[in-house]
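Novice: My structure is stored as start03.cif, with mmCIF, N, CA and C atoms.
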```cif
data_input
loop_
_atom_site.label_atom_id
_atom_site.label_comp_id
_atom_site.auth_asym_id
_atom_site.auth_seq_id
_atom_site.Cartn_x
_atom_site.Cartn_y
_atom_site.Cartn_z
N MET A 1 -40.40 13.58 -3.84
CA MET A 1 -41.69 12.97 -3.72
C MET A 1 -42.75 13.98 -4.11
N ALA A 2 -43.93 13.54 -4.34
CA ALA A 2 -44.98 14.38 -4.88
C ALA A 2 -45.73 15.12 -3.77
N GLU A 3 -46.41 16.20 -4.18
CA GLU A 3 -47.26 16.93 -3.26
C GLU A 3 -48.51 16.12 -2.97
N ASP A 4 -49.23 16.52 -1.91
CA ASP A 4 -50.46 15.83 -1.56
C ASP A 4 -51.55 16.18 -2.55
N ILE A 5 -52.23 15.17 -3.06
CA ILE A 5 -53.33 15.35 -4.01
C ILE A 5 -54.63 15.51 -3.25
N LYS A 6 -55.39 16.51 -3.64
CA LYS A 6 -56.71 16.71 -3.04
C LYS A 6 -57.80 16.07 -3.87
N ASN A 7 -57.67 16.12 -5.20
CA ASN A 7 -58.72 15.60 -6.08
C ASN A 7 -58.10 15.21 -7.42
N VAL A 8 -58.75 14.27 -8.11
CA VAL A 8 -58.30 13.82 -9.43
C VAL A 8 -59.51 13.79 -10.35
N ASN A 9 -59.39 14.46 -11.51
CA ASN A 9 -60.43 14.42 -12.53
C ASN A 9 -59.85 13.79 -13.78
N VAL A 10 -60.64 12.96 -14.47
CA VAL A 10 -60.15 12.23 -15.63
C VAL A 10 -60.96 12.60 -16.87
N ASP A 11 -60.24 12.92 -17.96
CA ASP A 11 -60.85 13.11 -19.28
C ASP A 11 -60.46 11.87 -20.09
N GLU A 12 -61.35 10.87 -20.13
CA GLU A 12 -61.01 9.59 -20.74
C GLU A 12 -60.76 9.68 -22.24
N GLU A 13 -61.40 10.62 -22.92
CA GLU A 13 -61.19 10.75 -24.36
C GLU A 13 -59.77 11.20 -24.69
N GLU A 14 -59.19 12.00 -23.84
CA GLU A 14 -57.86 12.57 -24.09
C GLU A 14 -56.76 11.87 -23.29
N ASP A 15 -57.10 10.97 -22.39
CA ASP A 15 -56.13 10.38 -21.45
C ASP A 15 -55.41 11.46 -20.65
N ILE A 16 -56.20 12.43 -20.17
CA ILE A 16 -55.67 13.51 -19.34
C ILE A 16 -56.27 13.39 -17.95
N ILE A 17 -55.42 13.54 -16.97
CA ILE A 17 -55.84 13.56 -15.58
C ILE A 17 -55.52 14.94 -15.03
N THR A 18 -56.48 15.55 -14.36
CA THR A 18 -56.23 16.83 -13.69
C THR A 18 -56.02 16.55 -12.21
N LEU A 19 -54.84 16.89 -11.73
CA LEU A 19 -54.52 16.72 -10.32
C LEU A 19 -54.78 18.05 -9.62
N GLU A 20 -55.56 18.02 -8.55
CA GLU A 20 -55.78 19.19 -7.73
C GLU A 20 -55.07 18.96 -6.40
N PHE A 21 -54.16 19.87 -6.05
CA PHE A 21 -53.34 19.72 -4.87
C PHE A 21 -53.94 20.46 -3.67
N ASP A 22 -53.41 20.16 -2.49
CA ASP A 22 -53.90 20.77 -1.25
C ASP A 22 -53.82 22.29 -1.27
N ASP A 23 -52.89 22.86 -2.04
CA ASP A 23 -52.76 24.32 -2.09
C ASP A 23 -53.68 24.93 -3.14
N ASP A 24 -54.64 24.14 -3.64
CA ASP A 24 -55.65 24.54 -4.63
C ASP A 24 -55.10 24.81 -6.02
N THR A 25 -53.86 24.41 -6.31
CA THR A 25 -53.36 24.46 -7.68
C THR A 25 -53.83 23.21 -8.41
N ALA A 26 -53.96 23.32 -9.72
CA ALA A 26 -54.39 22.19 -10.54
C ALA A 26 -53.43 22.05 -11.71
N VAL A 27 -53.11 20.81 -12.07
CA VAL A 27 -52.20 20.53 -13.18
C VAL A 27 -52.82 19.44 -14.04
N ASP A 28 -52.97 19.73 -15.35
CA ASP A 28 -53.40 18.72 -16.30
C ASP A 28 -52.20 17.85 -16.65
N CYS A 29 -52.38 16.54 -16.64
CA CYS A 29 -51.30 15.60 -16.92
C CYS A 29 -51.74 14.56 -17.94
N TYR A 30 -50.84 14.25 -18.85
CA TYR A 30 -51.07 13.15 -19.79
C TYR A 30 -50.65 11.85 -19.12
N VAL A 31 -51.43 10.81 -19.32
CA VAL A 31 -51.10 9.50 -18.77
C VAL A 31 -50.05 8.87 -19.68
N MET A 32 -48.85 8.68 -19.14
CA MET A 32 -47.78 8.04 -19.90
C MET A 32 -47.95 6.53 -19.86
N GLY A 33 -48.46 6.02 -18.75
CA GLY A 33 -48.68 4.59 -18.61
C GLY A 33 -48.58 4.15 -17.17
N THR A 34 -48.86 2.88 -16.98
CA THR A 34 -48.72 2.27 -15.66
C THR A 34 -47.66 1.19 -15.75
N PHE A 35 -47.06 0.88 -14.62
CA PHE A 35 -46.04 -0.17 -14.57
C PHE A 35 -46.04 -0.81 -13.20
N GLU A 36 -45.50 -2.02 -13.14
CA GLU A 36 -45.43 -2.77 -11.89
C GLU A 36 -44.01 -2.81 -11.38
N LEU A 37 -43.90 -2.81 -10.07
CA LEU A 37 -42.63 -3.02 -9.40
C LEU A 37 -42.94 -3.82 -8.14
N GLY A 38 -42.41 -5.03 -8.09
CA GLY A 38 -42.76 -5.91 -6.98
C GLY A 38 -44.24 -6.25 -7.07
N ASP A 39 -44.94 -6.07 -5.97
CA ASP A 39 -46.37 -6.37 -5.96
C ASP A 39 -47.24 -5.11 -6.03
N LYS A 40 -46.64 -3.99 -6.44
CA LYS A 40 -47.38 -2.73 -6.53
C LYS A 40 -47.40 -2.20 -7.95
N GLU A 41 -48.41 -1.40 -8.25
CA GLU A 41 -48.51 -0.73 -9.54
C GLU A 41 -48.32 0.76 -9.35
N TYR A 42 -47.78 1.38 -10.38
CA TYR A 42 -47.52 2.82 -10.37
C TYR A 42 -48.02 3.43 -11.66
N ILE A 43 -48.26 4.74 -11.65
CA ILE A 43 -48.67 5.46 -12.83
C ILE A 43 -47.69 6.62 -13.05
N ALA A 44 -47.34 6.82 -14.31
CA ALA A 44 -46.45 7.93 -14.69
C ALA A 44 -47.28 8.96 -15.44
N LEU A 45 -47.20 10.20 -14.99
CA LEU A 45 -47.97 11.29 -15.57
C LEU A 45 -47.03 12.40 -16.02
N ALA A 46 -47.29 12.96 -17.20
CA ALA A 46 -46.50 14.07 -17.73
C ALA A 46 -47.35 15.33 -17.66
N PRO A 47 -46.95 16.30 -16.83
CA PRO A 47 -47.75 17.52 -16.72
C PRO A 47 -47.72 18.32 -18.02
N ASP A 48 -48.85 18.92 -18.34
CA ASP A 48 -48.98 19.75 -19.55
C ASP A 48 -48.59 21.18 -19.21
N ASP A 49 -47.32 21.36 -18.82
CA ASP A 49 -46.86 22.69 -18.41
C ASP A 49 -45.57 23.10 -19.13
N GLY A 50 -45.21 22.37 -20.18
CA GLY A 50 -44.03 22.73 -20.95
C GLY A 50 -42.72 22.26 -20.36
N THR A 51 -42.77 21.49 -19.28
CA THR A 51 -41.55 20.96 -18.67
C THR A 51 -41.37 19.50 -19.07
N ASP A 52 -40.23 18.94 -18.72
CA ASP A 52 -39.96 17.52 -18.93
C ASP A 52 -40.23 16.71 -17.67
N ASP A 53 -40.93 17.29 -16.72
CA ASP A 53 -41.21 16.61 -15.46
C ASP A 53 -42.08 15.38 -15.68
N VAL A 54 -41.95 14.44 -14.78
CA VAL A 54 -42.82 13.26 -14.75
C VAL A 54 -43.24 13.07 -13.29
N TYR A 55 -44.52 12.91 -13.07
CA TYR A 55 -45.05 12.62 -11.74
C TYR A 55 -45.29 11.13 -11.66
N ILE A 56 -44.84 10.53 -10.57
CA ILE A 56 -45.05 9.09 -10.35
C ILE A 56 -45.83 8.92 -9.05
N TYR A 57 -46.91 8.17 -9.15
CA TYR A 57 -47.77 7.89 -8.01
C TYR A 57 -48.07 6.40 -7.98
N GLY A 58 -48.54 5.94 -6.83
CA GLY A 58 -49.07 4.60 -6.74
C GLY A 58 -50.37 4.54 -7.52
N TYR A 59 -50.73 3.36 -8.00
CA TYR A 59 -51.91 3.19 -8.85
C TYR A 59 -52.64 1.94 -8.40
N LYS A 60 -53.95 2.06 -8.24
CA LYS A 60 -54.76 0.90 -7.85
C LYS A 60 -56.02 0.88 -8.71
N GLN A 61 -56.18 -0.17 -9.51
CA GLN A 61 -57.37 -0.35 -10.34
C GLN A 61 -58.48 -0.88 -9.44
N ILE A 62 -59.59 -0.18 -9.39
CA ILE A 62 -60.71 -0.59 -8.55
C ILE A 62 -61.66 -1.47 -9.35
N ASN A 63 -62.04 -1.03 -10.55
CA ASN A 63 -62.83 -1.82 -11.48
C ASN A 63 -62.54 -1.30 -12.88
N ASP A 64 -63.29 -1.73 -13.88
CA ASP A 64 -63.01 -1.32 -15.26
C ASP A 64 -63.06 0.18 -15.47
N ASP A 65 -63.89 0.88 -14.70
CA ASP A 65 -64.09 2.30 -14.89
C ASP A 65 -63.46 3.18 -13.82
N GLU A 66 -62.92 2.59 -12.79
CA GLU A 66 -62.40 3.38 -11.67
C GLU A 66 -61.00 2.95 -11.28
N PHE A 67 -60.21 3.94 -10.89
CA PHE A 67 -58.89 3.67 -10.34
C PHE A 67 -58.60 4.72 -9.28
N GLU A 68 -57.57 4.47 -8.51
CA GLU A 68 -57.18 5.38 -7.45
C GLU A 68 -55.70 5.72 -7.62
N ILE A 69 -55.37 6.99 -7.44
CA ILE A 69 -53.97 7.42 -7.43
C ILE A 69 -53.58 7.58 -5.97
N LEU A 70 -52.45 6.96 -5.61
CA LEU A 70 -52.03 6.90 -4.21
C LEU A 70 -50.71 7.63 -4.02
N GLU A 71 -50.60 8.32 -2.91
CA GLU A 71 -49.33 8.95 -2.55
C GLU A 71 -48.31 7.85 -2.26
N ILE A 72 -47.08 8.08 -2.65
CA ILE A 72 -45.99 7.17 -2.29
C ILE A 72 -45.41 7.72 -0.99
N GLU A 73 -45.53 6.95 0.06
CA GLU A 73 -45.23 7.43 1.40
C GLU A 73 -43.74 7.54 1.72
N SER A 74 -42.94 6.61 1.25
CA SER A 74 -41.54 6.61 1.65
C SER A 74 -40.63 7.04 0.50
N GLU A 75 -39.55 7.68 0.85
CA GLU A 75 -38.58 8.12 -0.14
C GLU A 75 -37.94 6.92 -0.84
N GLU A 76 -37.73 5.83 -0.10
CA GLU A 76 -37.13 4.64 -0.68
C GLU A 76 -38.03 4.03 -1.75
N GLU A 77 -39.34 3.95 -1.47
CA GLU A 77 -40.27 3.41 -2.44
C GLU A 77 -40.34 4.32 -3.67
N PHE A 78 -40.38 5.64 -3.45
CA PHE A 78 -40.41 6.57 -4.57
C PHE A 78 -39.16 6.43 -5.43
N ASP A 79 -38.00 6.36 -4.80
CA ASP A 79 -36.74 6.22 -5.54
C ASP A 79 -36.72 4.93 -6.37
N ALA A 80 -37.22 3.84 -5.80
CA ALA A 80 -37.27 2.57 -6.52
C ALA A 80 -38.22 2.66 -7.71
N ALA A 81 -39.39 3.29 -7.53
CA ALA A 81 -40.35 3.43 -8.61
C ALA A 81 -39.78 4.34 -9.72
N ALA A 82 -39.11 5.42 -9.33
CA ALA A 82 -38.50 6.32 -10.32
C ALA A 82 -37.40 5.61 -11.10
N LYS A 83 -36.62 4.78 -10.42
CA LYS A 83 -35.55 4.04 -11.08
C LYS A 83 -36.14 3.03 -12.08
N GLU A 84 -37.22 2.36 -11.70
CA GLU A 84 -37.89 1.42 -12.60
C GLU A 84 -38.46 2.15 -13.81
N PHE A 85 -39.07 3.31 -13.59
CA PHE A 85 -39.60 4.09 -14.70
C PHE A 85 -38.48 4.50 -15.65
N ASP A 86 -37.35 4.96 -15.11
CA ASP A 86 -36.20 5.34 -15.95
C ASP A 86 -35.71 4.15 -16.78
N ALA A 87 -35.68 2.96 -16.17
CA ALA A 87 -35.24 1.76 -16.88
C ALA A 87 -36.21 1.41 -18.01
N ILE A 88 -37.50 1.54 -17.76
CA ILE A 88 -38.51 1.28 -18.80
C ILE A 88 -38.33 2.25 -19.95
N MET A 89 -38.14 3.53 -19.63
CA MET A 89 -37.96 4.54 -20.68
C MET A 89 -36.68 4.29 -21.47
N ALA A 90 -35.62 3.88 -20.80
CA ALA A 90 -34.35 3.58 -21.49
C ALA A 90 -34.53 2.40 -22.44
N ASP A 91 -35.26 1.36 -22.00
CA ASP A 91 -35.54 0.20 -22.86
C ASP A 91 -36.34 0.61 -24.09
N MET A 92 -37.29 1.52 -23.91
CA MET A 92 -38.12 1.98 -25.03
C MET A 92 -37.27 2.79 -26.02
N ASP A 93 -36.32 3.55 -25.51
CA ASP A 93 -35.44 4.34 -26.39
C ASP A 93 -34.53 3.46 -27.23
N GLU A 94 -34.18 2.28 -26.71
CA GLU A 94 -33.30 1.35 -27.41
C GLU A 94 -34.03 0.64 -28.54
N GLU A 95 -35.34 0.55 -28.47
CA GLU A 95 -36.10 -0.20 -29.49
C GLU A 95 -36.21 0.53 -30.77
#
```
Written as structure tokens, how would this file's structure read?
Specialist:
Amino acid sequence: MAEDIKNVNVDEEEDIITLEFDDDTAVDCYVMGTFELGDKEYIALAPDDGTDDVYIYGYKQINDDEFEILEIESEEEFDAAAKEFDAIMADMDEE
């Protein structure tokens, strides 16, 4: 599961989100996309750190210009969201 986010900054021109964590570290992430699972939405972020990591968080659109990134509280929900993301990526690889 992901670390606690303290702040989120968005560069809309680049589709980059900067996540600031409780330990005061910051990571720039590319927005890979959003996806739905059940009645919830999630966002997949790829950190710009040279790794193949993917961060998955809950996602809530507030209005056209605002959204919220939410911590995924349970391990079961995180595992289900990660499995759905993997399935989406596998489908994209097949195309």
Novice: Apply the PyMOL selection byres ((chain A and resi 82-94) around 8) to the file shown and report the selected residues as a PDB file with N, CA and C atoms, in the coordinates of the input.
Specialist:
```pdb
ATOM      1  N   PHE A  35     -47.060   0.880 -14.620  1.00  0.00           N
ATOM      2  CA  PHE A  35     -46.040  -0.170 -14.570  1.00  0.00           C
ATOM      3  C   PHE A  35     -46.040  -0.810 -13.200  1.00  0.00           C
ATOM      4  N   GLU A  36     -45.500  -2.020 -13.140  1.00  0.00           N
ATOM      5  CA  GLU A  36     -45.430  -2.770 -11.890  1.00  0.00           C
ATOM      6  C   GLU A  36     -44.010  -2.810 -11.380  1.00  0.00           C
ATOM      7  N   LEU A  37     -43.900  -2.810 -10.070  1.00  0.00           N
ATOM      8  CA  LEU A  37     -42.630  -3.020  -9.400  1.00  0.00           C
ATOM      9  C   LEU A  37     -42.940  -3.820  -8.140  1.00  0.00           C
ATOM     10  N   ALA A  44     -47.340   6.820 -14.310  1.00  0.00           N
ATOM     11  CA  ALA A  44     -46.450   7.930 -14.690  1.00  0.00           C
ATOM     12  C   ALA A  44     -47.280   8.960 -15.440  1.00  0.00           C
ATOM     13  N   ILE A  56     -44.840  10.530 -10.570  1.00  0.00           N
ATOM     14  CA  ILE A  56     -45.050   9.090 -10.350  1.00  0.00           C
ATOM     15  C   ILE A  56     -45.830   8.920  -9.050  1.00  0.00           C
ATOM     16  N   GLU A  76     -37.730   5.830  -0.100  1.00  0.00           N
ATOM     17  CA  GLU A  76     -37.130   4.640  -0.680  1.00  0.00           C
ATOM     18  C   GLU A  76     -38.030   4.030  -1.750  1.00  0.00           C
ATOM     19  N   GLU A  77     -39.340   3.950  -1.470  1.00  0.00           N
ATOM     20  CA  GLU A  77     -40.270   3.410  -2.440  1.00  0.00           C
ATOM     21  C   GLU A  77     -40.340   4.320  -3.670  1.00  0.00           C
ATOM     22  N   PHE A  78     -40.380   5.640  -3.450  1.00  0.00           N
ATOM     23  CA  PHE A  78     -40.410   6.570  -4.570  1.00  0.00           C
ATOM     24  C   PHE A  78     -39.160   6.430  -5.430  1.00  0.00           C
ATOM     25  N   ASP A  79     -38.000   6.360  -4.800  1.00  0.00           N
ATOM     26  CA  ASP A  79     -36.740   6.220  -5.540  1.00  0.00           C
ATOM     27  C   ASP A  79     -36.720   4.930  -6.370  1.00  0.00           C
ATOM     28  N   ALA A  80     -37.220   3.840  -5.800  1.00  0.00           N
ATOM     29  CA  ALA A  80     -37.270   2.570  -6.520  1.00  0.00           C
ATOM     30  C   ALA A  80     -38.220   2.660  -7.710  1.00  0.00           C
ATOM     31  N   ALA A  81     -39.390   3.290  -7.530  1.00  0.00           N
ATOM     32  CA  ALA A  81     -40.350   3.430  -8.610  1.00  0.00           C
ATOM     33  C   ALA A  81     -39.780   4.340  -9.720  1.00  0.00           C
ATOM     34  N   GLU A  95     -35.340   0.550 -28.470  1.00  0.00           N
ATOM     35  CA  GLU A  95     -36.100  -0.200 -29.490  1.00  0.00           C
ATOM     36  C   GLU A  95     -36.210   0.530 -30.770  1.00  0.00           C
TER      37      GLU A  95
END
```
Novice: Identify, with DSSP run on backbone atoms, the residues in chain A assigned to alpha helix (DSSP H), and express the list as an MDAnalysis selection string.
Specialist: chainID A and resid 75:94
Novice: What is the distance between atom CA of A:Thr51 and atom CA of A:Phe67, in Å to one decimal?
Specialist: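 Taking atom CA of A:Thr51 and atom CA of A:Phe67, their separation equals 25.9 Å.
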Novice: Find the residues around A:Glu68 up to 7 Å (only C-alpha atoms counted), leave out those fewer than 3 positions away in its own chain, and share them as a VMD selection string.
Specialist: chain A and resid 59 to 61
Novice: On this structure, the PyMOL selection byres ((chain A and resi 55) around 6) would catch which residues? List them as a list of chain:residue names, sorted by chain and number.
Specialist: A:Ile43, A:Ala44, A:Leu45, A:Ala46, A:Pro47, A:Asp53, A:Val54, A:Ile56, A:Tyr57
Novice: Just the strand (DSSP E) stuff from chain A, please, per backbone DSSP, written as a short mmCIF file (atom, residue, chain, number, x, y, z; two decimals) with N, CA and C atoms, keeping the file's coordinate frame.
Specialist:
```cif
data_model
loop_
_atom_site.label_atom_id
_atom_site.label_comp_id
_atom_site.auth_asym_id
_atom_site.auth_seq_id
_atom_site.Cartn_x
_atom_site.Cartn_y
_atom_site.Cartn_z
N ILE A 5 -52.23 15.17 -3.06
CA ILE A 5 -53.33 15.35 -4.01
C ILE A 5 -54.63 15.51 -3.25
N LYS A 6 -55.39 16.51 -3.64
CA LYS A 6 -56.71 16.71 -3.04
C LYS A 6 -57.80 16.07 -3.87
N ASN A 7 -57.67 16.12 -5.20
CA ASN A 7 -58.72 15.60 -6.08
C ASN A 7 -58.10 15.21 -7.42
N VAL A 8 -58.75 14.27 -8.11
CA VAL A 8 -58.30 13.82 -9.43
C VAL A 8 -59.51 13.79 -10.35
N ASN A 9 -59.39 14.46 -11.51
CA ASN A 9 -60.43 14.42 -12.53
C ASN A 9 -59.85 13.79 -13.78
N VAL A 10 -60.64 12.96 -14.47
CA VAL A 10 -60.15 12.23 -15.63
C VAL A 10 -60.96 12.60 -16.87
N ASP A 11 -60.24 12.92 -17.96
CA ASP A 11 -60.85 13.11 -19.28
C ASP A 11 -60.46 11.87 -20.09
N ILE A 16 -56.20 12.43 -20.17
CA ILE A 16 -55.67 13.51 -19.34
C ILE A 16 -56.27 13.39 -17.95
N ILE A 17 -55.42 13.54 -16.97
CA ILE A 17 -55.84 13.56 -15.58
C ILE A 17 -55.52 14.94 -15.03
N THR A 18 -56.48 15.55 -14.36
CA THR A 18 -56.23 16.83 -13.69
C THR A 18 -56.02 16.55 -12.21
N LEU A 19 -54.84 16.89 -11.73
CA LEU A 19 -54.52 16.72 -10.32
C LEU A 19 -54.78 18.05 -9.62
N GLU A 20 -55.56 18.02 -8.55
CA GLU A 20 -55.78 19.19 -7.73
C GLU A 20 -55.07 18.96 -6.40
N PHE A 21 -54.16 19.87 -6.05
CA PHE A 21 -53.34 19.72 -4.87
C PHE A 21 -53.94 20.46 -3.67
N ALA A 26 -53.96 23.32 -9.72
CA ALA A 26 -54.39 22.19 -10.54
C ALA A 26 -53.43 22.05 -11.71
N VAL A 27 -53.11 20.81 -12.07
CA VAL A 27 -52.20 20.53 -13.18
C VAL A 27 -52.82 19.44 -14.04
N ASP A 28 -52.97 19.73 -15.35
CA ASP A 28 -53.40 18.72 -16.30
C ASP A 28 -52.20 17.85 -16.65
N CYS A 29 -52.38 16.54 -16.64
CA CYS A 29 -51.30 15.60 -16.92
C CYS A 29 -51.74 14.56 -17.94
N TYR A 30 -50.84 14.25 -18.85
CA TYR A 30 -51.07 13.15 -19.79
C TYR A 30 -50.65 11.85 -19.12
N VAL A 31 -51.43 10.81 -19.32
CA VAL A 31 -51.10 9.50 -18.77
C VAL A 31 -50.05 8.87 -19.68
N MET A 32 -48.85 8.68 -19.14
CA MET A 32 -47.78 8.04 -19.90
C MET A 32 -47.95 6.53 -19.86
N GLY A 33 -48.46 6.02 -18.75
CA GLY A 33 -48.68 4.59 -18.61
C GLY A 33 -48.58 4.15 -17.17
N THR A 34 -48.86 2.88 -16.98
CA THR A 34 -48.72 2.27 -15.66
C THR A 34 -47.66 1.19 -15.75
N PHE A 35 -47.06 0.88 -14.62
CA PHE A 35 -46.04 -0.17 -14.57
C PHE A 35 -46.04 -0.81 -13.20
N GLU A 36 -45.50 -2.02 -13.14
CA GLU A 36 -45.43 -2.77 -11.89
C GLU A 36 -44.01 -2.81 -11.38
N LEU A 37 -43.90 -2.81 -10.07
CA LEU A 37 -42.63 -3.02 -9.40
C LEU A 37 -42.94 -3.82 -8.14
N LYS A 40 -46.64 -3.99 -6.44
CA LYS A 40 -47.38 -2.73 -6.53
C LYS A 40 -47.40 -2.20 -7.95
N GLU A 41 -48.41 -1.40 -8.25
CA GLU A 41 -48.51 -0.73 -9.54
C GLU A 41 -48.32 0.76 -9.35
N TYR A 42 -47.78 1.38 -10.38
CA TYR A 42 -47.52 2.82 -10.37
C TYR A 42 -48.02 3.43 -11.66
N ILE A 43 -48.26 4.74 -11.65
CA ILE A 43 -48.67 5.46 -12.83
C ILE A 43 -47.69 6.62 -13.05
N ALA A 44 -47.34 6.82 -14.31
CA ALA A 44 -46.45 7.93 -14.69
C ALA A 44 -47.28 8.96 -15.44
N LEU A 45 -47.20 10.20 -14.99
CA LEU A 45 -47.97 11.29 -15.57
C LEU A 45 -47.03 12.40 -16.02
N ALA A 46 -47.29 12.96 -17.20
CA ALA A 46 -46.50 14.07 -17.73
C ALA A 46 -47.35 15.33 -17.66
N PRO A 47 -46.95 16.30 -16.83
CA PRO A 47 -47.75 17.52 -16.72
C PRO A 47 -47.72 18.32 -18.02
N TYR A 55 -44.52 12.91 -13.07
CA TYR A 55 -45.05 12.62 -11.74
C TYR A 55 -45.29 11.13 -11.66
N ILE A 56 -44.84 10.53 -10.57
CA ILE A 56 -45.05 9.09 -10.35
C ILE A 56 -45.83 8.92 -9.05
N TYR A 57 -46.91 8.17 -9.15
CA TYR A 57 -47.77 7.89 -8.01
C TYR A 57 -48.07 6.40 -7.98
N GLY A 58 -48.54 5.94 -6.83
CA GLY A 58 -49.07 4.60 -6.74
C GLY A 58 -50.37 4.54 -7.52
N TYR A 59 -50.73 3.36 -8.00
CA TYR A 59 -51.91 3.19 -8.85
C TYR A 59 -52.64 1.94 -8.40
N LYS A 60 -53.95 2.06 -8.24
CA LYS A 60 -54.76 0.90 -7.85
C LYS A 60 -56.02 0.88 -8.71
N GLN A 61 -56.18 -0.17 -9.51
CA GLN A 61 -57.37 -0.35 -10.34
C GLN A 61 -58.48 -0.88 -9.44
N ILE A 62 -59.59 -0.18 -9.39
CA ILE A 62 -60.71 -0.59 -8.55
C ILE A 62 -61.66 -1.47 -9.35
N ASN A 63 -62.04 -1.03 -10.55
CA ASN A 63 -62.83 -1.82 -11.48
C ASN A 63 -62.54 -1.30 -12.88
N GLU A 66 -62.92 2.59 -12.79
CA GLU A 66 -62.40 3.38 -11.67
C GLU A 66 -61.00 2.95 -11.28
N PHE A 67 -60.21 3.94 -10.89
CA PHE A 67 -58.89 3.67 -10.34
C PHE A 67 -58.60 4.72 -9.28
N GLU A 68 -57.57 4.47 -8.51
CA GLU A 68 -57.18 5.38 -7.45
C GLU A 68 -55.70 5.72 -7.62
N ILE A 69 -55.37 6.99 -7.44
CA ILE A 69 -53.97 7.42 -7.43
C ILE A 69 -53.58 7.58 -5.97
N LEU A 70 -52.45 6.96 -5.61
CA LEU A 70 -52.03 6.90 -4.21
C LEU A 70 -50.71 7.63 -4.02
#
```
Novice: Quick one: pull the distance between atom C of A:Ile69 and atom CA of A:Leu19, Å, one decimal.
Specialist: 10.2 Å
Novice: Could you check how far atom N of A:Gly58 sits from atom C of A:Glu41, in Å to one decimal?
Specialist: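 If I compute the distance from atom N of A:Gly58 to atom C of A:Glu41, I get 5.8 Å.
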Novice: Check what the PyMOL selection byres ((chain A and resi 31) around 5) selects in the file above and give those residues as a list in words.
Specialist: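 Applied to this file, the PyMOL selection byres ((chain A and resi 31) around 5) selects Asp15, Cys29, Tyr30, Met32, Gly33 and Leu45 of chain A.
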